[in-house]
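Inspection log for the structure reproduced underneath, given as structure tokens.
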Amino acid sequence: MSQSNKIGSFVSIERKGAIATVTMDRGDGRNALSRQLMLELTEAARSFADDLETQAIILTGAGAFSAGADLKDPAMSRRAANGLLERRHMVKVGPDLCDAWEKIEQITVCAIERYAIGGAVALAAACDFRIVAQNAVMRLPEIPLGMNMSWHAVPRLVSLMGPARAKRFILFGENLSAPEARAAGLADEIAPEGATLAAACTWAEKIATLPPNAVRMTKQAVNATANALHHATTFMDADQYVAATGSEDFREAIKAFLEKREPKFTGR
């Protein structure tokens with residue numbers, strides 16, 4: 001028998017035996033990461049801290065996985081108007097979200113349909129495994145738009161993909177297809193379109209048959225090894241984002257994007 005509960009307006013958790021499925025749904029099939037959705041996803045992640053019954057957690061989206069940070073969210077746009085302290089506080093929500101999902105003791109499996117863009121890739125990289133639909137794409141548009149790649153994502157991507165592939169993926173802002181993601185180490189399985197959730201369930205069921213203490217200790221050991229320098233290399237990436245989005249290059253990138261032309265960057 002399954003049990004379902006809502007976390008706020010956009011996130012639901014369905015529990016069935018030792019498996020929980022967390023679904024984000026903004027009702028439009030795009031699931032852009034508004035501040036409210038990110039806070040709800042963070043709350044959902046932290047809700048498993050005292051859960052000794054759940055052994056595997058699937059993260060998915062209704063429709064597409066996610067179009068990334070919601071740049072039209074009024075709650076996020078306030079950061080530009082209320083001074084540096086407010087801006088620094090507002091941009092913490094993305095890194096906090098990804099850190100919360102990485103810190104979950106249970107194994108996490110991300111099911112990606114259609115696309116994962118920007119912050120959605122950062123969130124997926126914070127999970128243990130990623131199942132990607134055959135026709136899905138992943139993309140990081142931050143650098144071509146005059147921003148840095150933040151949300152503590154860079155070392156996670158380097159760990160998964162290696163330095164050169166991570167640089168290419170982060171720098172160029174180009175679509176990464178499912179086969180390319182699999183070859184690069186960012187995807188663990190490719191599933192037919194519409195079948196990522198079923199494939200993630202198969203992974204979760206396999207995990208649920210394993211001894212939970214050994215699984216949790218192994219995840220902790222692997223993460224401690226892989227992530228040893230992550231904080232040292234990312235503790236300033238939110239401040240770098242604040243600095244980057246205050247530059248003339250950022251304003252030029254956004255203006256060029258809206259005007260559908262190539263930007264002219266000056267380094268200012």
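Chain identifiers are assigned as A, B, and so on, following the order in which chains appear in the structure tokens; residues are numbered from 1 within each chain, and ligands are numbered from 1 in order of appearance.
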For this session: Determine which residues of stretch 20-194 of chain A receive a DSSP assignment of strand (DSSP E), computed from the backbone, and state them as a PyMOL selection string.
Result: chain A and resi 20-24+56-61+107-112+115-117+129-133+137-139+176-177+189-191
For the contact check between stretch 10-128 of chain A and stretch 156-175 of chain A, emit one row per residue of stretch 10-128 of chain A within 12 Å, containing the shortest atom pair and the distance in Å rounded to one decimal, counting only C-alpha atoms, chain then rising number order, as a Markdown table.
```
| residue | atom | partner | partner_atom | distance |
| --- | --- | --- | --- | --- |
| A:Cys98 | CA | A:Arg156 | CA | 10.4 |
| A:Asp99 | CA | A:Arg156 | CA | 10.9 |
| A:Glu102 | CA | A:Arg156 | CA | 10.0 |
| A:Arg114 | CA | A:Asn175 | CA | 11.8 |
| A:Tyr115 | CA | A:Asn175 | CA | 9.4 |
| A:Ala116 | CA | A:Asn175 | CA | 9.9 |
| A:Ile117 | CA | A:Asn175 | CA | 9.1 |
| A:Gly118 | CA | A:Gly173 | CA | 9.2 |
| A:Gly119 | CA | A:Ile170 | CA | 11.8 |
| A:Val121 | CA | A:Leu157 | CA | 9.2 |
| A:Ala122 | CA | A:Leu157 | CA | 8.2 |
| A:Leu123 | CA | A:Arg156 | CA | 10.2 |
| A:Ala124 | CA | A:Arg156 | CA | 10.0 |
| A:Ala125 | CA | A:Arg156 | CA | 6.3 |
| A:Ala126 | CA | A:Arg156 | CA | 7.0 |
| A:Cys127 | CA | A:Arg156 | CA | 9.8 |
| A:Asp128 | CA | A:Leu160 | CA | 10.3 |
```
Test item: residues at most 10 Å from A:Met217, only C-alpha atoms, excluding those fewer than 5 positions along its chain, as an mmCIF file with all heavy atoms, in the first residue's frame:
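Result saved to result-v2.cif:
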```cif
data_model
loop_
_atom_site.group_PDB
_atom_site.id
_atom_site.type_symbol
_atom_site.label_atom_id
_atom_site.label_comp_id
_atom_site.auth_asym_id
_atom_site.auth_seq_id
_atom_site.Cartn_x
_atom_site.Cartn_y
_atom_site.Cartn_z
ATOM 1 N N GLU A 105 20.925 10.183 3.388
ATOM 2 C CA GLU A 105 21.630 8.925 3.635
ATOM 3 C C GLU A 105 21.164 7.816 2.692
ATOM 4 O O GLU A 105 21.942 6.944 2.320
ATOM 5 C CB GLU A 105 21.424 8.476 5.088
ATOM 6 C CG GLU A 105 22.238 9.268 6.094
ATOM 7 C CD GLU A 105 22.346 8.547 7.422
ATOM 8 O OE1 GLU A 105 21.712 7.478 7.594
ATOM 9 O OE2 GLU A 105 23.078 9.048 8.289
ATOM 10 N N GLN A 106 19.891 7.849 2.319
ATOM 11 C CA GLN A 106 19.385 6.826 1.419
ATOM 12 C C GLN A 106 19.937 7.048 0.006
ATOM 13 O O GLN A 106 20.380 8.136 -0.337
ATOM 14 C CB GLN A 106 17.854 6.866 1.385
ATOM 15 C CG GLN A 106 17.179 6.550 2.716
ATOM 16 C CD GLN A 106 16.923 7.776 3.572
ATOM 17 O OE1 GLN A 106 17.612 8.792 3.436
ATOM 18 N NE2 GLN A 106 15.951 7.689 4.459
ATOM 19 N N PRO A 212 20.420 -2.332 4.573
ATOM 20 C CA PRO A 212 20.409 -0.863 4.626
ATOM 21 C C PRO A 212 21.613 -0.246 5.313
ATOM 22 O O PRO A 212 22.092 0.819 4.887
ATOM 23 C CB PRO A 212 19.103 -0.537 5.367
ATOM 24 C CG PRO A 212 18.726 -1.794 6.078
ATOM 25 C CD PRO A 212 19.245 -2.913 5.240
ATOM 26 N N VAL A 222 31.937 6.528 0.062
ATOM 27 C CA VAL A 222 32.242 6.971 -1.307
ATOM 28 C C VAL A 222 32.158 8.489 -1.406
ATOM 29 O O VAL A 222 33.037 9.144 -1.982
ATOM 30 C CB VAL A 222 31.284 6.297 -2.313
ATOM 31 C CG1 VAL A 222 31.462 6.917 -3.701
ATOM 32 C CG2 VAL A 222 31.537 4.801 -2.370
ATOM 33 N N ASN A 223 31.100 9.080 -0.828
ATOM 34 C CA ASN A 223 30.949 10.529 -0.892
ATOM 35 C C ASN A 223 32.068 11.249 -0.142
ATOM 36 O O ASN A 223 32.554 12.290 -0.596
ATOM 37 C CB ASN A 223 29.591 10.952 -0.342
ATOM 38 C CG ASN A 223 28.468 10.718 -1.340
ATOM 39 O OD1 ASN A 223 28.702 10.242 -2.439
ATOM 40 N ND2 ASN A 223 27.253 11.046 -0.949
#
```
Produce a table with one row for each residue of stretch 104-155 of chain A that has an atom at most 8 Å from any atom of stretch 53-62 of chain A, each row naming the nearest atom pair and its distance in Å at one decimal; use only C-alpha atoms; arrange rows by chain and rising residue number; format as a Markdown table.
```
| residue | atom | partner | partner_atom | distance |
| --- | --- | --- | --- | --- |
| A:Gln106 | CA | A:Gln55 | CA | 5.2 |
| A:Ile107 | CA | A:Ala56 | CA | 4.9 |
| A:Thr108 | CA | A:Ile57 | CA | 4.7 |
| A:Val109 | CA | A:Ile58 | CA | 4.7 |
| A:Cys110 | CA | A:Leu59 | CA | 4.8 |
| A:Ala111 | CA | A:Thr60 | CA | 5.0 |
| A:Ile112 | CA | A:Thr60 | CA | 6.5 |
| A:Glu113 | CA | A:Gly61 | CA | 7.7 |
```
For the residues in the current selection, export N, CA and C atoms as a tab-separated table (two decimals), in the first residue's frame.
```tsv
chain	number	residue	atom	x	y	z
A	106	GLN	N	19.89	7.85	2.32
A	106	GLN	CA	19.39	6.83	1.42
A	106	GLN	C	19.94	7.05	0.01
A	107	ILE	N	19.86	6.02	-0.82
A	107	ILE	CA	20.30	6.14	-2.21
A	107	ILE	C	19.25	6.92	-3.00
A	108	THR	N	19.71	7.87	-3.81
A	108	THR	CA	18.80	8.70	-4.60
A	108	THR	C	18.99	8.41	-6.09
A	109	VAL	N	17.86	8.29	-6.79
A	109	VAL	CA	17.87	8.00	-8.22
A	109	VAL	C	17.04	9.07	-8.92
A	110	CYS	N	17.64	9.74	-9.87
A	110	CYS	CA	16.99	10.85	-10.56
A	110	CYS	C	16.48	10.36	-11.92
A	111	ALA	N	15.19	10.59	-12.21
A	111	ALA	CA	14.58	10.19	-13.48
A	111	ALA	C	14.34	11.43	-14.32
A	112	ILE	N	15.04	11.53	-15.46
A	112	ILE	CA	15.05	12.76	-16.25
A	112	ILE	C	14.36	12.54	-17.59
A	113	GLU	N	13.22	13.18	-17.77
A	113	GLU	CA	12.51	13.20	-19.05
A	113	GLU	C	12.71	14.55	-19.73
```
Problem set entry | Those in stretch 66-251 of chain A with alpha helix (DSSP H) from DSSP, as a VMD selection string | chain A and resid 74 to 77 83 to 90 93 to 103 119 to 125 154 to 161 163 to 172 178 to 184 196 to 208 212 to 226 230 to 234 237 to 244 248 to 251
